[in-house]
Amino acid sequence: MIRCPHCGETWPEKMRFCGLCGTPLATLKAEEERKIATVMFVDVVGFTRLSEQLDVEEVEAFLDRFFAAVDRTVQAEGGVVNKMMGDAALVLFGAPKALEHHALHALRAAVRLREWARAEGVGLHFGLHTGEVLITLMGSGQARDFTVLGDTVNVAQRIQSLSGANEIFLSEITYRLVEDHVRGKFVGEVKVKNRTEPVRIFRVDGLVESVRPVWRWQLPFVGREREQTHLREVLQRPRVMVVVSGPAGVGKTRLVAEVLKDRPVRILRATPSREAAFLGPSGEEVFLAWLEATPEGVVWLEDFQWADSPSLTRLERVLLRLADRPLHLVVTTRPEGEELVRRLESTLTFLGVDVARINLKPLAPDAVERLLEEAELSPAERETILAHSGGIPLFVEVWLQAAREGQGMLPTRVESVFAHQVDRLPREEKDMLKRLSVLGTSFPREDLELVDVSPDAPALENLVVRGFLVREGEGFRFRHPLLRDVVWHSLLQRTRRELHGKVLTRLRGRGGRPESLAVHAFHAGAWDQTILHGVLGARALLNRGEPRRALELLQYVRRALENSPDPMRERECTLLEARALYGLGDREGAWKRVETLLADGDLPSALRERAALLGAELLGLFGKVDEGLALLDRHVPPVPRAPDQVILTRAALLVEGGRIEEGRALLEDLWRSEDQEEGVWEEVAVELARVYAIAADPEGLETLVRQVLAEERSIRAQAYLLHWLAFARRMEGKVEEALNLHARALELAREHGIRESWPLFLLEYARTLRRAGRVKEAEEYLRRVIRMEAQDPKVALKARMELGAVLIYSQHRVEEGIHWWQETLEEARKTDPFTELALLHNLGVASFYVLGDLSKADTYLSACLHHPFIGEDVTIRHVTRIFLSVVRTLQGHTAAVPEDSMIWLEGVPSVVAHTTVSWVLGRELSHALSFPSPLTESTWERLLQELISQRQVRLLRLALWKALQSDNLPSSFLKGVYIRIVTASGLPDVYRKDIPFKVQRDPDRKSSTTTV
């Protein structure tokens, strides 16, 4: 329907004049729209020479045949001829009406025109390119005309000018969209005017036609186990039709292909072009013959939503002739094909055929994460795909490819899917959808007025019914994030500015959030407001624990600053970027920005203090605790005159540096203070709980937890304190209580959206599960944390390290665990030196303890001791020195355990060190006795002395059993070992008699039998 600009009455589009007042309706304002389309240029080879050789009437007749062939072929493939220029034609596929597979339809049209040219004995040049175009529609109804502009048109014409007679040249982007359907080769690169990068050109030699195509999926098949089993079971029935339905890209084809890969299949595929027949008149008998000859075969009707009525009638005739024969029919369709499915279902029900349905939903978020497990993506790219794919596997795949190829715009295949659906809407609904796209992917009901949409508008309800919008609470959201992006990108830039400017004005009037104001201001071209609201919004997002959104918002601020420079705001933007990067785990990026700020001589003191505060935290994480404290001393007031946040940072640095009591004292003073700064209470509670847990002070921790739970001031603080209490309980050996506390902390974090805590909480929960013997669950949770790497890379690295331990020690998957650790070590070298240090230590211990490889253990432990951060971690330093001493002793070297390490271990609580002298010199050394290399009597003597001094009776007995299996120890020595063990064990005198030892050795089996 179109509205009369004079009286406002609406009329069908075919009317040229208003039926009420007579105003011409064709004079309506031109409509303009941005589209992704494939442009084809085609012209006749040597037309000038041909014109010289032929009579003018013959030339005219040839051009009539040429243009008729172009028009007929293009229309059959769903395209539109825009211009006929002498001996050339400009053709569009995907504009002005969107076409889902526009590149493939353009290619098919080109191939058919080439066949026509060869039959005519002439040559044609072809050039095809895909990209964005601007479409201007004039007039109304049947009288509508359009023009097309854009760089895409120029590139297509340039490519066409390079092709030879009957050669079809494609740009790379077009070739990638059709490469599964063509035989072609790379031709070369060409410079195009006004383009910095050359265009890569491919030549098409022919189409690949196959009854059963070979699909090439990049991603694994996940998340469809139940549907796959159901489809297999249903196809065991003798006569059945299975309808697999779901939105575009949800995985219908992949599911069916996986199930049918080992069965004979006949595929009939419908297409949305004018020639949509999937079963033509000539194919009816051939199809029937195949069915009769292949009773176990499966007929697959793919893309059934495009089926045409004549083909469906022919199909029904074939099925009626198979009344009592086996029949296995699979139909894949989108929701819009439901009417056609019901027609076919009615026929088959009449014939007594069973009908089953499988409705595919988008994949769950954890399944999408599994799809991306092997992909080499940055955290930002991974987050983008997870946020925008909406659980649609096709969108994951094409977005992944776009990320690999560095595409800045929406992936073309994704845009085409949605654009085709949007273009089928009535004009009023399409216009409303465009205005709503300005509000974002989701929006509350009250925001409808911002874009002049009434909540009671019939068009709004129609968009919900058609599935473009979904009701969500008191508001709406677009069915898919990419649908919103496609609709928004179709708006002209000037239209976007107008709409965003209107929304900005109205939002300011009612006090909208600064982050929303900043985005609308940017798209409206209001640079000063973008900067102001962007900085305020980034602060708010960082305070809410959303660093990624803050960093995205600051990108708008950066681009606005390019148009409206403001040195002070630029410095503040740099500091906020540093905070956001720090929150995302990119410490190097954060430190570079802090360094830039601290080197600025004109930096105001307030900003300098904030930059120094963040810099000190970063230095502490880098293991440079003394430098961090010095930085605070240079740039911020000393304690006690310093702000609370500075004292909190200083305390955290002291704890990181092993000066736990000093840090604890500062935190306790802050906790008892009656005039705390706003926002500090929560951070002090969380940090103090961590210190109590590390220092093995259960009483202090319990008191703190009771106070925080009683005050009910902060859910976040409650969650973190329960988490640290669980940590402490685990260290005390109270595993079940720890699990309950972990569960409570996780529940709070989930219910209240404390996102930054999720990786840490899940990691410690997994560690406790492992301690409880629930190893499979621990592995599952650790892998979940690893998949959340984009949120907290540091915790993900720890989870990788923990997973290696689970695989090695709990599941005896030693090679897999060692390999996992080695890969994690490479990643830690780039991002987290502390984790690198811990991994070197763990690899050394695993080589010693699990593999019995003393040489490899020596290599890793030596590298650990030479690591630049070894001095910052007293636990790893001392334990590594002990292990290295043991390893070298077993290798026959003299390497006593350093005395200071022994003294240190005696005084460190097990909750901190996770080890004791007994553990190191008992369990580990006794295990080492089973190594293949023989030990000398002197080595045995020293090891026994260590075990006896620690009164490790059980391990002494184990050592004796190991010794009795040795080949090089005389009976007299073994007898002495036995007597010393009995004495150390405090056994009765009867066991101390002079009992003879007799050792019998089998030279072939290299074993011994000892009787006492």
# chains A, B, ... in the order shown; residues from 1 in each chain; ligands from 1
>>> residues_around(residues="stretch 531-542 of chain A", least_positions_apart="3", cutoff="8 Å", atoms="only C-alpha atoms", output="MDAnalysis selection string")
chainID A and resid 513:519 527:528 545:547 549:551 553:554 556:557 560:561 569 572:573 576 579:580
>>> write_last_selection(atoms="C-alpha atoms", output="short mmCIF file (atom, residue, chain, number, x, y, z; two decimals), in the first residue's frame")
data_model
loop_
_atom_site.label_atom_id
_atom_site.label_comp_id
_atom_site.auth_asym_id
_atom_site.auth_seq_id
_atom_site.Cartn_x
_atom_site.Cartn_y
_atom_site.Cartn_z
CA ARG A 513 22.24 6.14 30.52
CA PRO A 514 25.47 7.81 29.35
CA GLU A 515 26.63 4.74 27.41
CA SER A 516 23.43 4.79 25.35
CA LEU A 517 23.64 8.56 24.85
CA ALA A 518 27.25 8.21 23.63
CA VAL A 519 26.39 5.61 20.96
CA TRP A 527 31.23 14.53 18.54
CA ASP A 528 31.38 16.60 21.75
CA GLY A 545 32.54 -4.97 35.97
CA GLU A 546 31.97 -4.78 32.19
CA PRO A 547 35.43 -3.93 30.76
CA ARG A 549 31.70 -3.00 26.79
CA ALA A 550 33.68 -0.10 28.26
CA LEU A 551 36.49 -0.64 25.74
CA LEU A 553 32.45 2.48 24.05
CA LEU A 554 35.86 4.13 24.28
CA TYR A 556 33.55 5.63 19.81
CA VAL A 557 35.21 8.26 21.99
CA ALA A 560 35.01 11.35 18.04
CA LEU A 561 38.27 12.84 19.36
CA ARG A 569 39.59 14.08 27.52
CA GLU A 572 41.23 10.42 30.55
CA CYS A 573 40.25 8.13 27.70
CA LEU A 576 40.00 4.32 31.09
CA ARG A 579 41.56 0.03 33.21
CA ALA A 580 39.46 -1.81 30.64
#
>>> closest_atom_pairs(of="stretch 760-866 of chain A", to="stretch 604-622 of chain A", cutoff="12 Å", atoms="only C-alpha atoms", output="JSON lines")
{"residue": "A:Lys794", "atom": "CA", "partner": "A:Leu621", "partner_atom": "CA", "distance": 10.6}
{"residue": "A:Thr831", "atom": "CA", "partner": "A:Phe622", "partner_atom": "CA", "distance": 10.0}
{"residue": "A:Asp832", "atom": "CA", "partner": "A:Phe622", "partner_atom": "CA", "distance": 8.0}
{"residue": "A:Pro833", "atom": "CA", "partner": "A:Phe622", "partner_atom": "CA", "distance": 7.2}
{"residue": "A:Phe834", "atom": "CA", "partner": "A:Phe622", "partner_atom": "CA", "distance": 7.7}
{"residue": "A:Thr835", "atom": "CA", "partner": "A:Phe622", "partner_atom": "CA", "distance": 10.8}
{"residue": "A:Glu836", "atom": "CA", "partner": "A:Phe622", "partner_atom": "CA", "distance": 11.8}
{"residue": "A:Leu837", "atom": "CA", "partner": "A:Phe622", "partner_atom": "CA", "distance": 11.9}
>>> write_last_selection(atoms="N, CA and C atoms", output="PDB file, in the first residue's frame")
ATOM      1  N   LYS A 794      43.875 -14.859  32.676  1.00  0.00           N
ATOM      2  CA  LYS A 794      44.759 -15.346  33.730  1.00  0.00           C
ATOM      3  C   LYS A 794      44.178 -16.584  34.402  1.00  0.00           C
ATOM      4  N   THR A 831      51.984 -14.092  28.070  1.00  0.00           N
ATOM      5  CA  THR A 831      51.009 -13.281  28.801  1.00  0.00           C
ATOM      6  C   THR A 831      51.157 -13.284  30.311  1.00  0.00           C
ATOM      7  N   ASP A 832      51.664 -14.374  30.907  1.00  0.00           N
ATOM      8  CA  ASP A 832      51.603 -14.486  32.367  1.00  0.00           C
ATOM      9  C   ASP A 832      52.861 -15.160  32.904  1.00  0.00           C
ATOM     10  N   PRO A 833      53.877 -14.370  33.260  1.00  0.00           N
ATOM     11  CA  PRO A 833      55.138 -14.956  33.726  1.00  0.00           C
ATOM     12  C   PRO A 833      54.981 -15.822  34.985  1.00  0.00           C
ATOM     13  N   PHE A 834      54.060 -15.464  35.886  1.00  0.00           N
ATOM     14  CA  PHE A 834      53.888 -16.259  37.093  1.00  0.00           C
ATOM     15  C   PHE A 834      53.392 -17.665  36.768  1.00  0.00           C
ATOM     16  N   THR A 835      52.440 -17.758  35.841  1.00  0.00           N
ATOM     17  CA  THR A 835      51.955 -19.075  35.435  1.00  0.00           C
ATOM     18  C   THR A 835      53.049 -19.840  34.708  1.00  0.00           C
ATOM     19  N   GLU A 836      53.854 -19.130  33.937  1.00  0.00           N
ATOM     20  CA  GLU A 836      54.994 -19.785  33.274  1.00  0.00           C
ATOM     21  C   GLU A 836      55.925 -20.404  34.301  1.00  0.00           C
ATOM     22  N   LEU A 837      56.191 -19.665  35.370  1.00  0.00           N
ATOM     23  CA  LEU A 837      57.060 -20.167  36.436  1.00  0.00           C
ATOM     24  C   LEU A 837      56.459 -21.420  37.073  1.00  0.00           C
TER      25      LEU A 837
END
>>> select_by_dssp(residues="stretch 210-382 of chain A", states="alpha helix (DSSP H)", output="PyMOL selection string")
chain A and resi 225-234+252-260+284-293+309-320+338-350+365-371+379-382
>>> select_by_dssp(residues="stretch 471-707 of chain A", states="strand (DSSP E or B)", output="JSON, numbers by chain")
{"A": [471, 472, 475, 476, 477, 478]}
>>> write_last_selection(atoms="N, CA, C and O atoms", output="JSON list (two decimals), in the first residue's frame")
[["chain", "number", "residue", "atom", "x", "y", "z"],
["A", 471, "ARG", "N", 8.94, -10.94, 21.77],
["A", 471, "ARG", "CA", 8.62, -10.27, 23.02],
["A", 471, "ARG", "C", 9.55, -10.78, 24.11],
["A", 471, "ARG", "O", 9.76, -11.98, 24.25],
["A", 472, "GLU", "N", 10.07, -9.84, 24.90],
["A", 472, "GLU", "CA", 11.02, -10.19, 25.95],
["A", 472, "GLU", "C", 10.69, -9.36, 27.18],
["A", 472, "GLU", "O", 11.03, -8.18, 27.25],
["A", 475, "GLY", "N", 9.51, -5.72, 26.95],
["A", 475, "GLY", "CA", 10.03, -5.10, 25.74],
["A", 475, "GLY", "C", 10.10, -6.07, 24.58],
["A", 475, "GLY", "O", 9.38, -7.07, 24.53],
["A", 476, "PHE", "N", 11.00, -5.77, 23.63],
["A", 476, "PHE", "CA", 11.14, -6.57, 22.43],
["A", 476, "PHE", "C", 12.63, -6.74, 22.13],
["A", 476, "PHE", "O", 13.47, -5.98, 22.61],
["A", 477, "ARG", "N", 12.94, -7.75, 21.32],
["A", 477, "ARG", "CA", 14.28, -7.89, 20.79],
["A", 477, "ARG", "C", 14.18, -8.45, 19.37],
["A", 477, "ARG", "O", 13.21, -9.13, 19.02],
["A", 478, "PHE", "N", 15.18, -8.15, 18.56],
["A", 478, "PHE", "CA", 15.25, -8.75, 17.23],
["A", 478, "PHE", "C", 15.52, -10.25, 17.38],
["A", 478, "PHE", "O", 16.22, -10.67, 18.30]]
>>> closest_residue(among="A:Glu339, A:Glu446, A:Glu779, A:Glu562", to="A:Ser810", atoms="only C-alpha atoms")
A:Glu779
>>> closest_residue(among="A:Arg224, A:Lys734, A:Arg435, A:His102", to="A:Glu449", atoms="only C-alpha atoms")
A:Arg435
>>> residues_around(residues="stretch 36-39 of chain A", least_positions_apart="6", cutoff="7 Å", atoms="only C-alpha atoms", output="list in words")
Val91, Leu92, Phe93, Gly94, Ala95, His102, Ala103, Ala106, Leu128, His129, Thr130, Gly131, Glu132, Val133, Val153 and Ala156 of chain A
>>> write_last_selection(atoms="all heavy atoms", output="tab-separated table (two decimals), in the first residue's frame")
chain	number	residue	atom	x	y	z
A	91	VAL	N	23.71	-5.82	-14.94
A	91	VAL	CA	22.72	-6.71	-14.33
A	91	VAL	C	22.98	-6.79	-12.83
A	91	VAL	O	24.15	-6.83	-12.39
A	91	VAL	CB	22.80	-8.11	-14.95
A	91	VAL	CG1	21.77	-9.04	-14.31
A	91	VAL	CG2	22.58	-8.04	-16.45
A	92	LEU	N	21.92	-6.84	-12.01
A	92	LEU	CA	22.05	-6.95	-10.57
A	92	LEU	C	21.35	-8.20	-10.05
A	92	LEU	O	20.24	-8.53	-10.52
A	92	LEU	CB	21.43	-5.73	-9.87
A	92	LEU	CG	22.36	-4.52	-9.66
A	92	LEU	CD1	22.58	-3.79	-10.97
A	92	LEU	CD2	21.76	-3.58	-8.63
A	93	PHE	N	21.98	-8.83	-9.10
A	93	PHE	CA	21.38	-9.95	-8.38
A	93	PHE	C	21.45	-9.61	-6.90
A	93	PHE	O	22.54	-9.41	-6.35
A	93	PHE	CB	22.13	-11.25	-8.67
A	93	PHE	CG	22.02	-11.70	-10.08
A	93	PHE	CD1	22.88	-11.21	-11.06
A	93	PHE	CD2	21.05	-12.62	-10.45
A	93	PHE	CE1	22.78	-11.62	-12.37
A	93	PHE	CE2	20.94	-13.04	-11.77
A	93	PHE	CZ	21.81	-12.54	-12.74
A	94	GLY	N	20.29	-9.53	-6.25
A	94	GLY	CA	20.23	-9.16	-4.84
A	94	GLY	C	19.82	-7.73	-4.62
A	94	GLY	O	19.77	-7.27	-3.48
A	95	ALA	N	19.49	-7.00	-5.66
A	95	ALA	CA	18.99	-5.63	-5.57
A	95	ALA	C	18.18	-5.35	-6.83
A	95	ALA	O	18.52	-5.86	-7.91
A	95	ALA	CB	20.15	-4.64	-5.46
A	102	HIS	N	22.69	-14.65	-4.11
A	102	HIS	CA	22.79	-13.80	-5.32
A	102	HIS	C	24.03	-14.10	-6.14
A	102	HIS	O	23.99	-14.06	-7.37
A	102	HIS	CB	22.73	-12.32	-4.94
A	102	HIS	CG	23.60	-11.93	-3.79
A	102	HIS	ND1	24.94	-11.73	-3.90
A	102	HIS	CD2	23.28	-11.69	-2.49
A	102	HIS	CE1	25.44	-11.38	-2.74
A	102	HIS	NE2	24.46	-11.35	-1.85
A	103	ALA	N	25.15	-14.40	-5.50
A	103	ALA	CA	26.37	-14.67	-6.26
A	103	ALA	C	26.23	-15.93	-7.10
A	103	ALA	O	26.66	-15.97	-8.27
A	103	ALA	CB	27.56	-14.79	-5.30
A	106	ALA	N	23.93	-15.25	-10.06
A	106	ALA	CA	24.63	-14.46	-11.07
A	106	ALA	C	25.56	-15.34	-11.88
A	106	ALA	O	25.66	-15.22	-13.11
A	106	ALA	CB	25.41	-13.34	-10.39
A	128	LEU	N	32.07	-10.15	-12.76
A	128	LEU	CA	31.16	-10.23	-11.62
A	128	LEU	C	31.89	-9.80	-10.35
A	128	LEU	O	33.03	-10.22	-10.11
A	128	LEU	CB	30.62	-11.65	-11.42
A	128	LEU	CG	29.53	-12.15	-12.38
A	128	LEU	CD1	30.12	-12.48	-13.75
A	128	LEU	CD2	28.84	-13.38	-11.81
A	129	HIS	N	31.20	-8.99	-9.56
A	129	HIS	CA	31.77	-8.56	-8.28
A	129	HIS	C	30.63	-8.36	-7.27
A	129	HIS	O	29.53	-7.93	-7.64
A	129	HIS	CB	32.54	-7.24	-8.44
A	129	HIS	CG	33.11	-6.71	-7.16
A	129	HIS	ND1	33.93	-7.46	-6.34
A	129	HIS	CD2	32.98	-5.50	-6.54
A	129	HIS	CE1	34.28	-6.73	-5.28
A	129	HIS	NE2	33.71	-5.55	-5.39
A	130	THR	N	30.91	-8.70	-6.01
A	130	THR	CA	29.91	-8.61	-4.94
A	130	THR	C	30.32	-7.54	-3.94
A	130	THR	O	31.49	-7.46	-3.54
A	130	THR	CB	29.78	-9.96	-4.21
A	130	THR	OG1	29.41	-10.96	-5.16
A	130	THR	CG2	28.72	-9.89	-3.12
A	131	GLY	N	29.37	-6.73	-3.53
A	131	GLY	CA	29.66	-5.69	-2.55
A	131	GLY	C	28.44	-4.83	-2.29
A	131	GLY	O	27.31	-5.16	-2.70
A	132	GLU	N	28.66	-3.71	-1.63
A	132	GLU	CA	27.56	-2.83	-1.24
A	132	GLU	C	27.25	-1.86	-2.38
A	132	GLU	O	28.15	-1.31	-3.02
A	132	GLU	CB	27.94	-2.05	0.02
A	132	GLU	CG	26.76	-1.34	0.66
A	132	GLU	CD	27.13	-0.75	2.01
A	132	GLU	OE1	28.18	-0.07	2.09
A	132	GLU	OE2	26.39	-0.95	2.97
A	133	VAL	N	25.95	-1.66	-2.62
A	133	VAL	CA	25.49	-0.71	-3.64
A	133	VAL	C	24.41	0.16	-3.03
A	133	VAL	O	23.77	-0.21	-2.05
A	133	VAL	CB	24.95	-1.43	-4.90
A	133	VAL	CG1	26.05	-2.22	-5.59
A	133	VAL	CG2	23.78	-2.35	-4.54
A	153	VAL	N	29.95	-1.43	-8.61
A	153	VAL	CA	29.66	-1.36	-10.05
A	153	VAL	C	30.94	-1.09	-10.83
A	153	VAL	O	31.21	-1.73	-11.87
A	153	VAL	CB	28.62	-0.26	-10.32
A	153	VAL	CG1	28.34	-0.14	-11.83
A	153	VAL	CG2	27.34	-0.54	-9.56
A	156	ALA	N	33.16	-4.27	-10.98
A	156	ALA	CA	32.62	-5.27	-11.89
A	156	ALA	C	32.93	-4.91	-13.34
A	156	ALA	O	33.30	-5.77	-14.15
A	156	ALA	CB	31.11	-5.42	-11.68
>>> decode(residues="stretch 433-443 of chain A", atoms="all heavy atoms", output="PDB file, in the first residue's frame")
ATOM      1  N   LEU A 433      10.634  -1.719  10.900  1.00  0.00           N
ATOM      2  CA  LEU A 433      11.777  -2.530  11.342  1.00  0.00           C
ATOM      3  C   LEU A 433      13.068  -1.728  11.242  1.00  0.00           C
ATOM      4  O   LEU A 433      13.945  -1.825  12.110  1.00  0.00           O
ATOM      5  CB  LEU A 433      11.858  -3.800  10.492  1.00  0.00           C
ATOM      6  CG  LEU A 433      12.635  -4.978  11.092  1.00  0.00           C
ATOM      7  CD1 LEU A 433      11.974  -5.482  12.353  1.00  0.00           C
ATOM      8  CD2 LEU A 433      12.752  -6.100  10.069  1.00  0.00           C
ATOM      9  N   LYS A 434      13.183  -0.910  10.211  1.00  0.00           N
ATOM     10  CA  LYS A 434      14.380  -0.076  10.059  1.00  0.00           C
ATOM     11  C   LYS A 434      14.496   0.934  11.198  1.00  0.00           C
ATOM     12  O   LYS A 434      15.576   1.151  11.747  1.00  0.00           O
ATOM     13  CB  LYS A 434      14.348   0.648   8.708  1.00  0.00           C
ATOM     14  CG  LYS A 434      14.606  -0.254   7.516  1.00  0.00           C
ATOM     15  CD  LYS A 434      14.608   0.548   6.222  1.00  0.00           C
ATOM     16  CE  LYS A 434      14.940  -0.331   5.030  1.00  0.00           C
ATOM     17  NZ  LYS A 434      14.975   0.429   3.780  1.00  0.00           N
ATOM     18  N   ARG A 435      13.382   1.569  11.529  1.00  0.00           N
ATOM     19  CA  ARG A 435      13.422   2.546  12.621  1.00  0.00           C
ATOM     20  C   ARG A 435      13.744   1.869  13.953  1.00  0.00           C
ATOM     21  O   ARG A 435      14.506   2.384  14.765  1.00  0.00           O
ATOM     22  CB  ARG A 435      12.084   3.294  12.708  1.00  0.00           C
ATOM     23  CG  ARG A 435      11.945   4.414  11.688  1.00  0.00           C
ATOM     24  CD  ARG A 435      10.620   5.107  11.803  1.00  0.00           C
ATOM     25  NE  ARG A 435       9.550   4.337  11.175  1.00  0.00           N
ATOM     26  CZ  ARG A 435       8.323   4.217  11.654  1.00  0.00           C
ATOM     27  NH1 ARG A 435       7.997   4.797  12.791  1.00  0.00           N
ATOM     28  NH2 ARG A 435       7.409   3.523  11.015  1.00  0.00           N
ATOM     29  N   LEU A 436      13.202   0.684  14.176  1.00  0.00           N
ATOM     30  CA  LEU A 436      13.466  -0.026  15.426  1.00  0.00           C
ATOM     31  C   LEU A 436      14.927  -0.474  15.524  1.00  0.00           C
ATOM     32  O   LEU A 436      15.468  -0.596  16.629  1.00  0.00           O
ATOM     33  CB  LEU A 436      12.548  -1.257  15.527  1.00  0.00           C
ATOM     34  CG  LEU A 436      11.059  -0.962  15.726  1.00  0.00           C
ATOM     35  CD1 LEU A 436      10.240  -2.237  15.637  1.00  0.00           C
ATOM     36  CD2 LEU A 436      10.821  -0.272  17.067  1.00  0.00           C
ATOM     37  N   SER A 437      15.582  -0.690  14.383  1.00  0.00           N
ATOM     38  CA  SER A 437      16.981  -1.130  14.421  1.00  0.00           C
ATOM     39  C   SER A 437      17.889  -0.074  15.043  1.00  0.00           C
ATOM     40  O   SER A 437      18.970  -0.400  15.554  1.00  0.00           O
ATOM     41  CB  SER A 437      17.466  -1.461  13.007  1.00  0.00           C
ATOM     42  OG  SER A 437      17.609  -0.291  12.217  1.00  0.00           O
ATOM     43  N   VAL A 438      17.458   1.187  15.027  1.00  0.00           N
ATOM     44  CA  VAL A 438      18.236   2.263  15.625  1.00  0.00           C
ATOM     45  C   VAL A 438      18.309   2.101  17.144  1.00  0.00           C
ATOM     46  O   VAL A 438      19.258   2.549  17.789  1.00  0.00           O
ATOM     47  CB  VAL A 438      17.624   3.631  15.240  1.00  0.00           C
ATOM     48  CG1 VAL A 438      18.321   4.769  15.969  1.00  0.00           C
ATOM     49  CG2 VAL A 438      17.711   3.837  13.731  1.00  0.00           C
ATOM     50  N   LEU A 439      17.332   1.409  17.741  1.00  0.00           N
ATOM     51  CA  LEU A 439      17.293   1.233  19.193  1.00  0.00           C
ATOM     52  C   LEU A 439      18.218   0.128  19.673  1.00  0.00           C
ATOM     53  O   LEU A 439      18.435  -0.014  20.878  1.00  0.00           O
ATOM     54  CB  LEU A 439      15.858   0.925  19.641  1.00  0.00           C
ATOM     55  CG  LEU A 439      14.815   2.005  19.356  1.00  0.00           C
ATOM     56  CD1 LEU A 439      13.431   1.521  19.772  1.00  0.00           C
ATOM     57  CD2 LEU A 439      15.167   3.309  20.062  1.00  0.00           C
ATOM     58  N   GLY A 440      18.757  -0.686  18.755  1.00  0.00           N
ATOM     59  CA  GLY A 440      19.650  -1.761  19.155  1.00  0.00           C
ATOM     60  C   GLY A 440      18.988  -3.117  19.011  1.00  0.00           C
ATOM     61  O   GLY A 440      17.873  -3.252  18.496  1.00  0.00           O
ATOM     62  N   THR A 441      19.684  -4.152  19.507  1.00  0.00           N
ATOM     63  CA  THR A 441      19.172  -5.519  19.367  1.00  0.00           C
ATOM     64  C   THR A 441      17.949  -5.755  20.231  1.00  0.00           C
ATOM     65  O   THR A 441      17.032  -6.472  19.857  1.00  0.00           O
ATOM     66  CB  THR A 441      20.282  -6.525  19.733  1.00  0.00           C
ATOM     67  OG1 THR A 441      21.424  -6.290  18.895  1.00  0.00           O
ATOM     68  CG2 THR A 441      19.810  -7.953  19.540  1.00  0.00           C
ATOM     69  N   SER A 442      17.902  -5.157  21.421  1.00  0.00           N
ATOM     70  CA  SER A 442      16.739  -5.288  22.296  1.00  0.00           C
ATOM     71  C   SER A 442      16.401  -3.915  22.873  1.00  0.00           C
ATOM     72  O   SER A 442      17.279  -3.052  23.000  1.00  0.00           O
ATOM     73  CB  SER A 442      17.004  -6.302  23.414  1.00  0.00           C
ATOM     74  OG  SER A 442      18.098  -5.894  24.202  1.00  0.00           O
ATOM     75  N   PHE A 443      15.147  -3.724  23.239  1.00  0.00           N
ATOM     76  CA  PHE A 443      14.723  -2.413  23.725  1.00  0.00           C
ATOM     77  C   PHE A 443      13.444  -2.575  24.523  1.00  0.00           C
ATOM     78  O   PHE A 443      12.594  -3.435  24.223  1.00  0.00           O
ATOM     79  CB  PHE A 443      14.488  -1.447  22.557  1.00  0.00           C
ATOM     80  CG  PHE A 443      13.784  -2.066  21.380  1.00  0.00           C
ATOM     81  CD1 PHE A 443      12.390  -2.068  21.314  1.00  0.00           C
ATOM     82  CD2 PHE A 443      14.508  -2.661  20.374  1.00  0.00           C
ATOM     83  CE1 PHE A 443      11.744  -2.642  20.241  1.00  0.00           C
ATOM     84  CE2 PHE A 443      13.861  -3.264  19.300  1.00  0.00           C
ATOM     85  CZ  PHE A 443      12.468  -3.251  19.225  1.00  0.00           C
TER      86      PHE A 443
END
